file my_file11.txt (compact mmCIF, C-alpha atoms and all ligand atoms)
# COMPACT_ATOMS: atom_id res chain seq x y z
CA MET Q 280 151.99 186.59 184.66
CA ARG Q 281 149.94 183.74 185.93
CA PHE Q 282 148.04 180.71 184.75
CA GLU Q 283 144.33 181.22 185.27
CA GLN Q 284 143.44 177.85 183.76
CA LEU Q 285 145.48 174.78 183.12
CA ARG Q 286 144.11 171.70 181.38
CA ILE Q 287 146.24 168.58 181.18
CA GLN Q 288 145.26 165.45 179.26
CA GLY Q 289 147.16 162.21 178.77
CA LEU Q 290 150.29 163.29 180.65
CA ARG Q 291 151.69 160.48 182.83
CA CYS Q 292 149.01 159.64 185.42
CA LEU Q 293 147.00 162.79 184.63
CA ASP Q 294 144.18 161.56 182.46
CA ASP Q 295 142.15 164.77 182.22
CA VAL Q 296 142.72 167.45 184.83
CA SER Q 297 141.42 171.03 184.80
CA LEU Q 298 142.70 173.59 187.25
CA SER Q 299 141.61 177.14 188.06
CA LEU Q 300 144.45 179.10 189.59
CA GLY Q 301 144.66 182.51 191.19
CA ALA Q 302 147.52 184.83 192.08
CA GLY Q 303 150.07 183.88 194.73
CA VAL Q 304 151.08 180.53 196.12
CA HIS Q 305 149.49 177.19 195.19
CA VAL Q 306 150.45 173.95 196.87
CA PHE Q 307 149.94 170.48 195.40
CA ALA Q 308 150.17 168.04 198.29
CA GLY Q 309 149.74 164.28 198.30
CA PRO Q 310 151.50 160.94 198.59
CA ASN Q 311 154.42 159.78 196.47
CA GLY Q 312 153.57 158.97 192.88
CA ALA Q 313 150.28 160.93 193.07
CA GLY Q 314 151.01 163.14 190.05
CA LYS Q 315 152.18 166.36 191.75
CA THR Q 316 155.38 166.77 189.73
CA SER Q 317 153.45 165.96 186.56
CA ILE Q 318 151.39 169.13 187.06
CA LEU Q 319 154.56 171.22 187.18
CA GLU Q 320 155.89 169.33 184.18
CA ALA Q 321 152.81 170.35 182.21
CA ALA Q 322 153.31 174.02 183.13
CA PHE Q 323 157.01 173.83 182.24
CA LEU Q 324 156.22 172.11 178.94
CA LEU Q 325 154.24 175.15 177.77
CA SER Q 326 157.19 177.42 178.47
CA HIS Q 327 160.04 175.25 177.20
CA GLY Q 328 158.56 172.72 174.80
CA ARG Q 329 160.13 169.94 176.86
CA SER Q 330 160.01 168.47 180.34
CA PHE Q 331 162.54 169.29 183.05
CA ARG Q 332 162.93 165.54 183.70
CA SER Q 333 165.64 164.11 181.51
CA GLY Q 334 164.79 161.63 178.78
CA ALA Q 335 161.12 162.20 179.41
CA LYS Q 336 159.74 162.94 175.95
CA ASP Q 337 158.17 159.56 175.35
CA ALA Q 338 157.53 158.77 179.01
CA LEU Q 339 155.32 161.86 179.23
CA LEU Q 340 152.53 160.27 177.19
CA GLN Q 341 150.17 158.39 179.48
CA ARG Q 342 150.42 154.63 178.95
CA GLY Q 343 147.57 153.53 176.69
CA ALA Q 344 146.69 157.11 175.63
CA SER Q 345 147.03 158.25 172.03
CA ARG Q 346 147.39 161.96 172.68
CA ILE Q 347 148.96 164.30 175.16
CA SER Q 348 147.69 167.83 175.42
CA VAL Q 349 148.36 170.79 177.70
CA PHE Q 350 146.45 174.03 177.49
CA GLY Q 351 146.92 177.16 179.58
CA GLU Q 352 145.25 180.54 179.87
CA VAL Q 353 147.97 182.97 180.81
CA ARG Q 354 146.93 186.31 182.31
CA HIS Q 355 149.59 188.98 181.89
CA ASP Q 356 150.12 191.74 184.43
CA ASP Q 357 148.95 194.35 181.88
CA GLY Q 358 145.56 192.58 181.79
CA GLY Q 359 146.13 190.82 178.44
CA MET Q 360 145.49 187.11 178.02
CA SER Q 361 147.33 184.47 175.96
CA ARG Q 362 145.84 181.04 175.34
CA VAL Q 363 148.68 178.62 174.78
CA GLY Q 364 148.43 174.95 173.90
CA LEU Q 365 150.76 172.12 173.06
CA GLY Q 366 149.64 168.70 171.88
CA ARG Q 367 151.22 165.60 170.49
CA SER Q 368 149.79 162.54 168.80
CA GLY Q 369 152.48 160.38 167.26
CA GLN Q 370 155.86 162.04 167.03
CA ARG Q 371 154.85 165.61 166.14
CA TRP Q 372 154.20 168.36 168.66
CA GLU Q 373 151.66 170.96 167.61
CA ALA Q 374 151.48 174.37 169.20
CA ARG Q 375 148.47 176.70 169.33
CA LEU Q 376 148.26 180.33 170.33
CA ASP Q 377 144.87 181.98 170.82
CA GLY Q 378 143.13 179.23 168.89
CA GLU Q 379 145.44 179.38 165.84
CA ALA Q 380 148.24 177.05 164.79
CA ALA Q 381 151.51 178.54 166.03
CA THR Q 382 155.19 177.77 166.30
CA LEU Q 383 156.74 176.53 169.50
CA GLY Q 384 158.73 179.78 169.63
CA GLN Q 385 155.50 181.78 169.66
CA ILE Q 386 153.96 180.00 172.63
CA VAL Q 387 157.23 179.91 174.54
CA GLY Q 388 157.43 183.67 173.99
CA GLU Q 389 154.03 184.12 175.67
CA CYS Q 390 154.48 181.87 178.64
CA ALA Q 391 157.45 181.98 181.00
CA VAL Q 392 157.84 179.30 183.67
CA VAL Q 393 160.97 178.74 185.75
CA CYS Q 394 161.40 175.65 187.87
CA PHE Q 395 163.47 174.45 190.81
CA GLU Q 396 163.28 170.68 191.22
CA PRO Q 397 165.34 167.79 192.59
CA GLY Q 398 167.39 167.59 189.38
CA SER Q 399 168.22 171.32 189.35
CA HIS Q 400 171.66 170.87 190.87
CA ALA Q 401 172.68 169.52 187.42
CA LEU Q 402 172.81 173.17 186.37
CA ILE Q 403 175.88 173.51 188.57
CA ALA Q 404 177.24 169.97 188.81
CA GLY Q 405 176.16 168.47 185.46
CA GLY Q 406 177.22 168.85 181.84
CA ALA Q 407 177.37 172.03 179.79
CA GLU Q 408 174.12 171.33 177.92
CA GLU Q 409 171.96 172.21 180.94
CA ARG Q 410 173.82 175.48 181.40
CA ARG Q 411 173.49 176.38 177.71
CA ARG Q 412 169.75 175.66 177.87
CA TYR Q 413 169.37 177.90 180.89
CA LEU Q 414 171.36 180.67 179.24
CA ASP Q 415 169.58 180.41 175.90
CA TRP Q 416 166.12 180.39 177.47
CA GLY Q 417 167.01 183.71 179.11
CA VAL Q 418 168.54 185.14 175.91
CA PHE Q 419 165.49 184.09 173.89
CA HIS Q 420 163.16 186.08 176.16
CA VAL Q 421 165.29 189.20 175.74
CA GLU Q 422 166.23 188.86 172.07
CA HIS Q 423 163.54 187.28 169.93
CA GLU Q 424 165.97 187.22 166.98
CA PHE Q 425 167.98 184.65 168.92
CA LEU Q 426 165.75 181.73 167.94
CA MET Q 427 166.10 182.43 164.22
CA LEU Q 428 169.90 182.70 164.58
CA TRP Q 429 170.04 179.52 166.60
CA ARG Q 430 168.09 177.64 163.95
CA ARG Q 431 170.41 178.95 161.21
CA TYR Q 432 173.36 177.86 163.30
CA GLN Q 433 171.90 174.37 163.89
CA ARG Q 434 171.19 173.91 160.19
CA ALA Q 435 174.75 174.82 159.22
CA LEU Q 436 176.11 172.57 161.96
CA LYS Q 437 174.05 169.65 160.72
CA GLN Q 438 175.27 170.20 157.16
CA ARG Q 439 178.91 170.41 158.20
CA ASN Q 440 178.59 167.31 160.41
CA SER Q 441 177.11 165.29 157.57
CA LEU Q 442 180.00 166.37 155.30
CA LEU Q 443 182.41 165.29 158.04
CA ARG Q 444 180.76 161.86 158.15
CA ALA Q 445 180.54 161.31 154.37
CA ALA Q 446 182.05 158.02 153.18
CA GLN Q 447 184.44 159.95 150.92
CA THR Q 448 185.81 163.26 152.20
CA PRO Q 449 184.10 166.05 150.19
CA PRO Q 450 186.21 168.84 148.62
CA GLU Q 451 187.03 171.91 150.70
CA ALA Q 452 184.69 174.09 148.62
CA MET Q 453 181.72 172.19 150.07
CA PHE Q 454 182.74 173.02 153.63
CA LEU Q 455 183.45 176.70 153.15
CA PRO Q 456 179.89 178.10 152.90
CA TRP Q 457 178.76 176.19 156.01
CA GLU Q 458 181.83 177.24 157.95
CA ALA Q 459 181.20 180.87 156.95
CA GLU Q 460 177.57 180.57 158.09
CA LEU Q 461 178.62 178.94 161.38
CA GLY Q 462 181.18 181.70 161.94
CA GLN Q 463 178.69 184.50 161.30
CA THR Q 464 175.80 183.14 163.34
CA ALA Q 465 178.01 181.94 166.20
CA GLU Q 466 179.51 185.40 166.61
CA ARG Q 467 176.06 186.98 166.97
CA ILE Q 468 174.86 184.24 169.31
CA HIS Q 469 177.98 184.78 171.39
CA GLN Q 470 177.40 188.54 171.62
CA MET Q 471 173.80 188.00 172.73
CA ARG Q 472 174.82 185.47 175.35
CA LEU Q 473 177.53 187.79 176.66
CA ALA Q 474 175.13 190.73 176.84
CA TYR Q 475 172.58 188.60 178.70
CA LEU Q 476 175.14 187.38 181.23
CA GLU Q 477 176.22 190.98 181.83
CA ARG Q 478 172.63 191.87 182.73
CA LEU Q 479 172.26 188.71 184.81
CA ARG Q 480 175.40 189.38 186.86
CA PRO Q 481 173.89 191.88 189.38
CA CYS Q 482 170.71 189.79 189.80
CA LEU Q 483 172.84 186.73 190.48
CA ALA Q 484 175.05 188.57 192.96
CA ALA Q 485 171.92 189.64 194.86
CA SER Q 486 170.23 186.22 194.88
CA VAL Q 487 173.43 184.35 195.79
CA GLY Q 488 174.10 186.94 198.49
CA GLY Q 489 170.64 186.25 199.93
CA LEU Q 490 170.87 182.44 199.87
CA LEU Q 491 174.59 181.72 200.33
CA PRO Q 492 176.14 184.74 202.06
CA GLU Q 493 178.85 182.54 203.62
CA LEU Q 494 180.43 181.88 200.21
CA GLY Q 495 181.35 185.51 199.57
CA ALA Q 496 181.44 187.35 196.27
CA VAL Q 497 180.34 185.49 193.17
CA GLU Q 498 182.06 185.48 189.79
CA LEU Q 499 180.50 184.44 186.51
CA ARG Q 500 182.76 182.98 183.81
CA PHE Q 501 181.81 182.35 180.22
CA LYS Q 502 183.40 180.27 177.46
CA ALA Q 503 182.34 180.95 173.89
CA GLY Q 504 183.03 177.42 172.61
CA TRP Q 505 186.03 178.41 170.50
CA SER Q 506 189.25 180.32 171.03
CA ASP Q 507 188.89 184.11 171.04
CA ASP Q 508 192.12 184.85 169.13
CA ARG Q 509 190.72 184.18 165.63
CA ALA Q 510 187.40 184.11 163.84
CA LEU Q 511 185.50 180.82 164.22
CA HIS Q 512 185.37 180.10 160.46
CA GLU Q 513 189.19 180.20 160.32
CA GLN Q 514 189.48 177.82 163.24
CA LEU Q 515 186.94 175.46 161.70
CA ALA Q 516 188.98 175.33 158.49
CA GLU Q 517 192.18 174.82 160.45
CA HIS Q 518 190.79 171.95 162.56
CA ARG Q 519 188.84 170.24 159.79
CA GLY Q 520 191.23 167.28 159.86
CA ARG Q 521 190.58 166.69 163.55
CA ASP Q 522 186.81 167.09 163.06
CA LEU Q 523 186.91 164.62 160.15
CA ALA Q 524 188.61 162.09 162.43
CA ARG Q 525 186.00 162.62 165.15
CA GLY Q 526 183.02 162.84 162.83
CA HIS Q 527 181.59 166.01 164.34
CA THR Q 528 182.28 169.72 164.79
CA THR Q 529 184.33 170.16 167.93
CA MET Q 530 184.08 173.93 168.36
CA GLY Q 531 181.42 176.57 168.05
CA ALA Q 532 178.43 178.08 169.84
CA HIS Q 533 177.10 174.57 170.61
CA ARG Q 534 180.17 174.07 172.86
CA ALA Q 535 179.71 177.23 174.96
CA ASP Q 536 179.64 176.98 178.74
CA TRP Q 537 179.53 179.17 181.81
CA ALA Q 538 180.42 178.65 185.44
CA ILE Q 539 179.99 180.29 188.80
CA ALA Q 540 182.89 180.64 191.19
CA PHE Q 541 182.63 181.89 194.75
CA GLU Q 542 185.22 183.81 196.70
CA HIS Q 543 185.24 181.09 199.39
CA ALA Q 544 184.55 178.17 197.03
CA PRO Q 545 186.51 178.82 193.84
CA LEU Q 546 186.04 175.30 192.48
CA ARG Q 547 182.74 173.56 191.88
CA GLU Q 548 184.05 170.63 193.93
CA HIS Q 549 184.19 172.94 196.95
CA LEU Q 550 180.40 173.08 197.09
CA SER Q 551 178.33 170.64 199.13
CA ARG Q 552 175.33 169.03 197.44
CA GLY Q 553 173.06 171.42 199.34
CA GLN Q 554 175.14 174.41 198.23
CA GLU Q 555 174.94 173.20 194.63
CA LYS Q 556 171.17 173.14 194.97
CA LEU Q 557 171.08 176.59 196.52
CA THR Q 558 173.33 177.93 193.77
CA ALA Q 559 171.00 176.45 191.15
CA LEU Q 560 168.04 178.02 192.97
CA ALA Q 561 169.84 181.38 193.06
CA CYS Q 562 170.41 181.10 189.28
CA MET Q 563 166.73 180.37 188.72
CA LEU Q 564 165.62 183.29 190.91
CA ALA Q 565 168.12 185.63 189.24
CA GLN Q 566 166.78 184.67 185.84
CA ALA Q 567 163.21 185.24 187.00
CA GLU Q 568 164.12 188.60 188.46
CA LEU Q 569 165.88 189.71 185.28
CA TYR Q 570 162.90 188.56 183.24
CA ALA Q 571 160.67 190.68 185.47
CA ALA Q 572 162.96 193.71 185.11
CA ILE Q 573 162.98 193.44 181.31
CA ARG Q 574 159.44 192.27 180.59
CA GLY Q 575 157.62 194.00 183.44
CA GLU Q 576 156.12 190.84 184.95
CA TRP Q 577 157.39 187.87 186.92
CA PRO Q 578 157.45 184.46 185.29
CA ILE Q 579 155.48 181.66 186.95
CA VAL Q 580 157.68 179.88 189.49
CA CYS Q 581 157.50 176.11 190.10
CA LEU Q 582 159.13 174.58 193.18
CA ASP Q 583 159.03 170.80 193.08
CA ASP Q 584 159.35 168.95 196.38
CA LEU Q 585 160.52 172.14 198.09
CA ALA Q 586 160.57 170.73 201.62
CA SER Q 587 162.81 167.80 200.75
CA GLU Q 588 165.25 169.95 198.78
CA LEU Q 589 165.96 172.81 201.20
CA ASP Q 590 166.22 173.37 204.93
CA ILE Q 591 163.45 175.38 206.55
CA ALA Q 592 165.42 178.64 206.71
CA HIS Q 593 166.07 178.54 202.95
CA GLN Q 594 162.50 177.47 202.18
CA SER Q 595 161.28 180.48 204.17
CA ALA Q 596 163.69 182.85 202.41
CA VAL Q 597 162.52 181.73 198.97
CA VAL Q 598 158.84 181.83 199.83
CA ALA Q 599 159.25 185.32 201.36
CA GLN Q 600 161.02 186.63 198.25
CA LEU Q 601 158.45 185.21 195.86
CA THR Q 602 155.50 186.38 197.93
CA GLN Q 603 156.97 189.87 198.05
CA ALA Q 604 157.39 189.83 194.27
CA SER Q 605 153.73 188.71 193.91
CA ALA Q 606 154.83 185.87 191.64
CA GLN Q 607 152.45 183.00 190.95
CA VAL Q 608 154.10 180.04 192.64
CA LEU Q 609 153.27 176.34 192.19
CA VAL Q 610 154.78 174.19 194.96
CA THR Q 611 154.60 170.43 195.48
CA GLY Q 612 155.19 168.37 198.60
CA THR Q 613 153.99 165.27 200.36
CA GLU Q 614 152.74 167.72 202.98
CA LEU Q 615 152.19 171.45 203.23
CA PRO Q 616 155.75 172.88 203.59
CA ALA Q 617 156.26 174.47 207.04
CA PRO Q 618 156.97 178.04 205.78
CA LEU Q 619 153.61 178.00 203.99
CA GLN Q 620 151.59 177.11 207.06
CA GLY Q 621 149.70 180.21 208.08
CA LEU Q 622 150.27 181.90 204.70
CA THR Q 623 147.43 182.42 202.28
CA ALA Q 624 147.93 179.61 199.80
CA GLN Q 625 145.54 177.63 197.66
CA VAL Q 626 146.11 173.98 198.53
CA PHE Q 627 145.15 171.04 196.30
CA HIS Q 628 145.16 167.45 197.43
CA VAL Q 629 146.55 165.17 194.71
CA GLU Q 630 146.00 161.45 194.71
CA GLN Q 631 146.21 158.91 191.88
CA GLY Q 632 146.19 161.63 189.26
CA GLN Q 633 143.08 163.33 190.68
CA LEU Q 634 143.02 166.82 192.19
CA ALA Q 635 140.72 168.28 194.80
CA PRO Q 636 141.00 171.83 196.19
CA LEU Q 637 141.24 171.94 199.98
CA LEU Q 638 139.59 174.84 201.77
N1 LIG S 701 153.69 157.42 180.91
C1 LIG S 701 153.03 157.18 182.05
N2 LIG S 701 151.77 156.68 182.00
C2 LIG S 701 151.07 156.46 183.12
N3 LIG S 701 151.54 156.71 184.36
C3 LIG S 701 152.79 157.19 184.46
C4 LIG S 701 153.59 157.46 183.31
N4 LIG S 701 154.79 157.96 183.72
C5 LIG S 701 154.72 158.00 185.06
N5 LIG S 701 153.53 157.54 185.50
C6 LIG S 701 153.04 157.47 186.88
O1 LIG S 701 152.53 158.77 187.14
C7 LIG S 701 152.87 159.14 188.44
C8 LIG S 701 153.71 160.39 188.23
O2 LIG S 701 154.08 160.81 189.38
P1 LIG S 701 154.75 162.19 189.71
O3 LIG S 701 156.19 162.07 189.51
O4 LIG S 701 154.00 163.30 189.10
O5 LIG S 701 154.36 162.02 191.23
P2 LIG S 701 154.64 162.89 192.49
O6 LIG S 701 153.30 163.07 193.15
O7 LIG S 701 155.42 164.08 192.17
O8 LIG S 701 155.50 161.85 193.29
P3 LIG S 701 156.71 161.98 194.32
O9 LIG S 701 156.15 162.60 195.57
O10 LIG S 701 157.03 160.53 194.52
O11 LIG S 701 157.78 162.75 193.65
C9 LIG S 701 153.60 157.98 189.09
O12 LIG S 701 152.68 157.21 189.82
C10 LIG S 701 154.11 157.21 187.90
O13 LIG S 701 154.25 155.83 188.14
call {"tool": "encode", "arguments": {"input": "my_file11.txt", "output": "structure tokens"}}
result
Amino acid sequence: MRFEQLRIQGLRCLDDVSLSLGAGVHVFAGPNGAGKTSILEAAFLLSHGRSFRSGAKDALLQRGASRISVFGEVRHDDGGMSRVGLGRSGQRWEARLDGEAATLGQIVGECAVVCFEPGSHALIAGGAEERRRYLDWGVFHVEHEFLMLWRRYQRALKQRNSLLRAAQTPPEAMFLPWEAELGQTAERIHQMRLAYLERLRPCLAASVGGLLPELGAVELRFKAGWSDDRALHEQLAEHRGRDLARGHTTMGAHRADWAIAFEHAPLREHLSRGQEKLTALACMLAQAELYAAIRGEWPIVCLDDLASELDIAHQSAVVAQLTQASAQVLVTGTELPAPLQGLTAQVFHVEQGQLAPLL
């Protein structure tokens, strides 16, 4: 798939920017603080309903603006077109699909963007939340039922947590239905996550093998978020006392995690910062490749500040793979990255939130 049009209003320094994009590689080049990353953020927002920069929800709105809005025309490889939009004035985000009010899930289902950026190493070196988000984004695109299950799970979790925090401990009967619901939905979420990771495994082995051959075979480990010897609802009942003391639910699908271990770097601490970044990039590429295998089209790939993140050999390897796959690629850099010189790429100069195509 690819964006044919992208319109961004009121996002950081981008006051009102319209872009026409084609197939293949697009480069956004310009000085620091010009607004290059903000363009990728807008694309990512349509596919995830959030920015890839942490804590950015309020910072996204341009200072002094009352509304933020991002609109994209997505051309699918089968010729179909989806018009996706996301806007926010005040605290509420509103989604639109083909001119009609829609849910966030609907637009995210139509528009797939993956991104490698300077914070991506957090997928390997950071907390479990990033890894769950990555996993669940992939699961969602394979199993549309996932979102509904996840919402049911979150609702039950919220209810149980508020019982845990009540001034006077409620009777057991009030906990039981929520614990049963958590147990049921968590089990199905777990099965979907496991099935997705099984499908991801060969894609990951291939992309890691291409980018980090020196680290040897790769192993993917998954933790459900609760012990696998008993049903979750039983464990929730058993550990209610501990959860009451802590004021929140300490086990369940919201505590799941996964990890990658290499034959020659079994612990995460064995990886250099550059290897963490390459591993995160391999995860992103594997997810894109699996998406393409399942859905029949590549997601849009964003590479933020590519030249400062990777050495030239790895930049070249990534660009070659994406060009071969005919993915639409949006790259940023203070200059045109070396592996793109001589390649057919549409280059835009970005300065102070303004864009101009360079011939
Ligand atoms: N809410 C906001 N309102 C207005 N301007 C903002 C807001 N948030 C950030 N900015 C400004 O918008 C610009 C955003 O820059 P962005 O991160 O997109 O730049 P960049 O071209 O990727 O820079 P770099 O090369 O330094 O990474 C910066 O100049 C920043 O100061």
call {"tool": "residues_around", "arguments": {"input": "my_file11.txt", "residues": "Q:Thr316", "least_positions_apart": "3", "cutoff": "7 Å", "atoms": "all atoms listed in the file", "output": "ChimeraX atom specification"}}
result
/Q:319-320,583,611
call {"tool": "closest_residue", "arguments": {"input": "my_file11.txt", "among": "Q:Lys502, Q:Arg332, Q:His305, Q:Arg521", "to": "ligand LIG 701 (chain S)", "atoms": "only C-alpha atoms and all ligand atoms"}}
result
Q:Arg332
call {"tool": "closest_atom_pairs", "arguments": {"input": "my_file11.txt", "of": "stretch 503-622 of chain Q", "to": "stretch 420-442 of chain Q", "cutoff": "8 Å", "atoms": "all atoms listed in the file", "output": "JSON lines"}}
result
{"residue": "Q:Gly526", "atom": "CA", "partner": "Q:Asn440", "partner_atom": "CA", "distance": 6.7}
{"residue": "Q:His527", "atom": "CA", "partner": "Q:Asn440", "partner_atom": "CA", "distance": 5.1}
{"residue": "Q:Thr528", "atom": "CA", "partner": "Q:Asn440", "partner_atom": "CA", "distance": 6.2}
{"residue": "Q:Tyr570", "atom": "CA", "partner": "Q:His420", "partner_atom": "CA", "distance": 7.5}
{"residue": "Q:Ile573", "atom": "CA", "partner": "Q:Val421", "partner_atom": "CA", "distance": 7.4}
call {"tool": "axis_aligned_box", "arguments": {"input": "my_file11.txt", "around": "stretch 287-302 of chain Q", "padding_each_side": "5 Å", "output": "AutoDock Vina command-line options"}}
result
--center_x 146.6 --center_y 172.2 --center_z 185.4 --size_x 20.3 --size_y 35.2 --size_z 23.3
call {"tool": "residues_near_ligand", "arguments": {"input": "my_file11.txt", "ligand": "ligand LIG 701 (chain S)", "cutoff": "6 Å", "atoms": "only C-alpha atoms and all ligand atoms", "output": "PyMOL selection string"}}
result
chain Q and resi 291-292+310-317+338-342+613
call {"tool": "atom_distance", "arguments": {"input": "my_file11.txt", "atom1": "atom CA of Q:Ala445", "atom2": "atom CA of Q:Gly520"}}
result
13.4 Å
call {"tool": "residues_around", "arguments": {"input": "my_file11.txt", "residues": "Q:Asp377", "least_positions_apart": "6", "cutoff": "7 Å", "atoms": "only C-alpha atoms", "output": "ChimeraX atom specification"}}
result
/Q:361-363
call {"tool": "atom_distance", "arguments": {"input": "my_file11.txt", "atom1": "atom CA of Q:Leu557", "atom2": "atom CA of Q:Ile468"}}
result
28.5 Å
call {"tool": "atom_distance", "arguments": {"input": "my_file11.txt", "atom1": "atom CA of Q:Glu568", "atom2": "atom CA of Q:Val393"}}
result
10.7 Å
call {"tool": "closest_residue", "arguments": {"input": "my_file11.txt", "among": "Q:Glu588, Q:Asp294, Q:Glu373, Q:Asp507", "to": "Q:His469", "atoms": "only C-alpha atoms"}}
result
Q:Asp507
call {"tool": "residues_near_point", "arguments": {"input": "my_file11.txt", "point": "(142.9, 165.8, 170.2)", "cutoff": "10 Å", "atoms": "all atoms listed in the file", "output": "list of chain:residue names"}}
result
Q:Gln288, Q:Ser345, Q:Arg346, Q:Ile347, Q:Ser348, Q:Gly366, Q:Arg367, Q:Ser368
call {"tool": "residues_around", "arguments": {"input": "my_file11.txt", "residues": "Q:Val626", "least_positions_apart": "2", "cutoff": "12 Å", "atoms": "only C-alpha atoms", "output": "ChimeraX atom specification"}}
result
/Q:298-301,303-309,315,608-616,619-624,628-629,634-638
call {"tool": "closest_residue", "arguments": {"input": "my_file11.txt", "among": "Q:Ala302, Q:Ala322, Q:Leu499, Q:Leu589", "to": "Q:Ala484", "atoms": "only C-alpha atoms"}}
result
Q:Leu499
call {"tool": "residues_near_point", "arguments": {"input": "my_file11.txt", "point": "(179.8, 180.1, 191.5)", "cutoff": "7 Å", "atoms": "only C-alpha atoms", "output": "compact mmCIF listing (two decimals) with C-alpha atoms, keeping the file's coordinate frame"}}
result
# COMPACT_ATOMS: atom_id res chain seq x y z
CA VAL Q 497 180.34 185.49 193.17
CA GLU Q 498 182.06 185.48 189.79
CA LEU Q 499 180.50 184.44 186.51
CA ALA Q 538 180.42 178.65 185.44
CA ILE Q 539 179.99 180.29 188.80
CA ALA Q 540 182.89 180.64 191.19
CA PHE Q 541 182.63 181.89 194.75
call {"tool": "residues_around", "arguments": {"input": "my_file11.txt", "residues": "Q:Val487", "least_positions_apart": "6", "cutoff": "8 Å", "atoms": "all atoms listed in the file", "output": "ChimeraX atom specification"}}
result
/Q:497,558,561-562
call {"tool": "closest_residue", "arguments": {"input": "my_file11.txt", "among": "Q:Leu402, Q:Ala344, Q:Ala446, Q:Val353", "to": "Q:Gly369", "atoms": "all atoms listed in the file"}}
result
Q:Ala344
call {"tool": "residues_around", "arguments": {"input": "my_file11.txt", "residues": "Q:Gly575", "least_positions_apart": "2", "cutoff": "12 Å", "atoms": "only C-alpha atoms", "output": "PyMOL selection string"}}
result
chain Q and resi 280+355-357+421+567-573+577-578+604+606
call {"tool": "closest_residue", "arguments": {"input": "my_file11.txt", "among": "Q:Ala503, Q:Leu564, Q:Val598, Q:Leu494", "to": "Q:His533", "atoms": "all atoms listed in the file"}}
result
Q:Ala503
call {"tool": "build_atoms", "arguments": {"input": "my_file11.txt", "residues": "stretch 402-413 of chain Q", "atoms": "N, CA and C atoms", "output": "PDB file, in the coordinates of the input"}}
result
ATOM      1  N   LEU Q 402     172.417 171.897 186.974  1.00  0.00           N
ATOM      2  CA  LEU Q 402     172.810 173.170 186.370  1.00  0.00           C
ATOM      3  C   LEU Q 402     174.217 173.559 186.827  1.00  0.00           C
ATOM      4  N   ILE Q 403     174.562 173.176 188.033  1.00  0.00           N
ATOM      5  CA  ILE Q 403     175.880 173.510 188.570  1.00  0.00           C
ATOM      6  C   ILE Q 403     176.835 172.330 188.413  1.00  0.00           C
ATOM      7  N   ALA Q 404     176.340 171.116 188.738  1.00  0.00           N
ATOM      8  CA  ALA Q 404     177.240 169.970 188.810  1.00  0.00           C
ATOM      9  C   ALA Q 404     177.245 169.115 187.535  1.00  0.00           C
ATOM     10  N   GLY Q 405     176.283 169.341 186.634  1.00  0.00           N
ATOM     11  CA  GLY Q 405     176.160 168.470 185.460  1.00  0.00           C
ATOM     12  C   GLY Q 405     176.922 168.999 184.249  1.00  0.00           C
ATOM     13  N   GLY Q 406     176.548 168.485 183.091  1.00  0.00           N
ATOM     14  CA  GLY Q 406     177.220 168.850 181.840  1.00  0.00           C
ATOM     15  C   GLY Q 406     176.827 170.226 181.345  1.00  0.00           C
ATOM     16  N   ALA Q 407     177.550 170.668 180.294  1.00  0.00           N
ATOM     17  CA  ALA Q 407     177.370 172.030 179.790  1.00  0.00           C
ATOM     18  C   ALA Q 407     176.001 172.240 179.133  1.00  0.00           C
ATOM     19  N   GLU Q 408     175.373 171.160 178.660  1.00  0.00           N
ATOM     20  CA  GLU Q 408     174.120 171.330 177.920  1.00  0.00           C
ATOM     21  C   GLU Q 408     173.052 172.019 178.767  1.00  0.00           C
ATOM     22  N   GLU Q 409     172.944 171.585 180.044  1.00  0.00           N
ATOM     23  CA  GLU Q 409     171.960 172.210 180.940  1.00  0.00           C
ATOM     24  C   GLU Q 409     172.208 173.704 181.062  1.00  0.00           C
ATOM     25  N   ARG Q 410     173.485 174.058 181.203  1.00  0.00           N
ATOM     26  CA  ARG Q 410     173.820 175.480 181.400  1.00  0.00           C
ATOM     27  C   ARG Q 410     173.562 176.283 180.119  1.00  0.00           C
ATOM     28  N   ARG Q 411     173.797 175.667 178.965  1.00  0.00           N
ATOM     29  CA  ARG Q 411     173.490 176.380 177.710  1.00  0.00           C
ATOM     30  C   ARG Q 411     171.982 176.567 177.573  1.00  0.00           C
ATOM     31  N   ARG Q 412     171.211 175.553 177.965  1.00  0.00           N
ATOM     32  CA  ARG Q 412     169.750 175.660 177.870  1.00  0.00           C
ATOM     33  C   ARG Q 412     169.233 176.790 178.744  1.00  0.00           C
ATOM     34  N   TYR Q 413     169.762 176.842 179.946  1.00  0.00           N
ATOM     35  CA  TYR Q 413     169.370 177.900 180.890  1.00  0.00           C
ATOM     36  C   TYR Q 413     169.681 179.270 180.281  1.00  0.00           C
TER      37      TYR Q 413
END
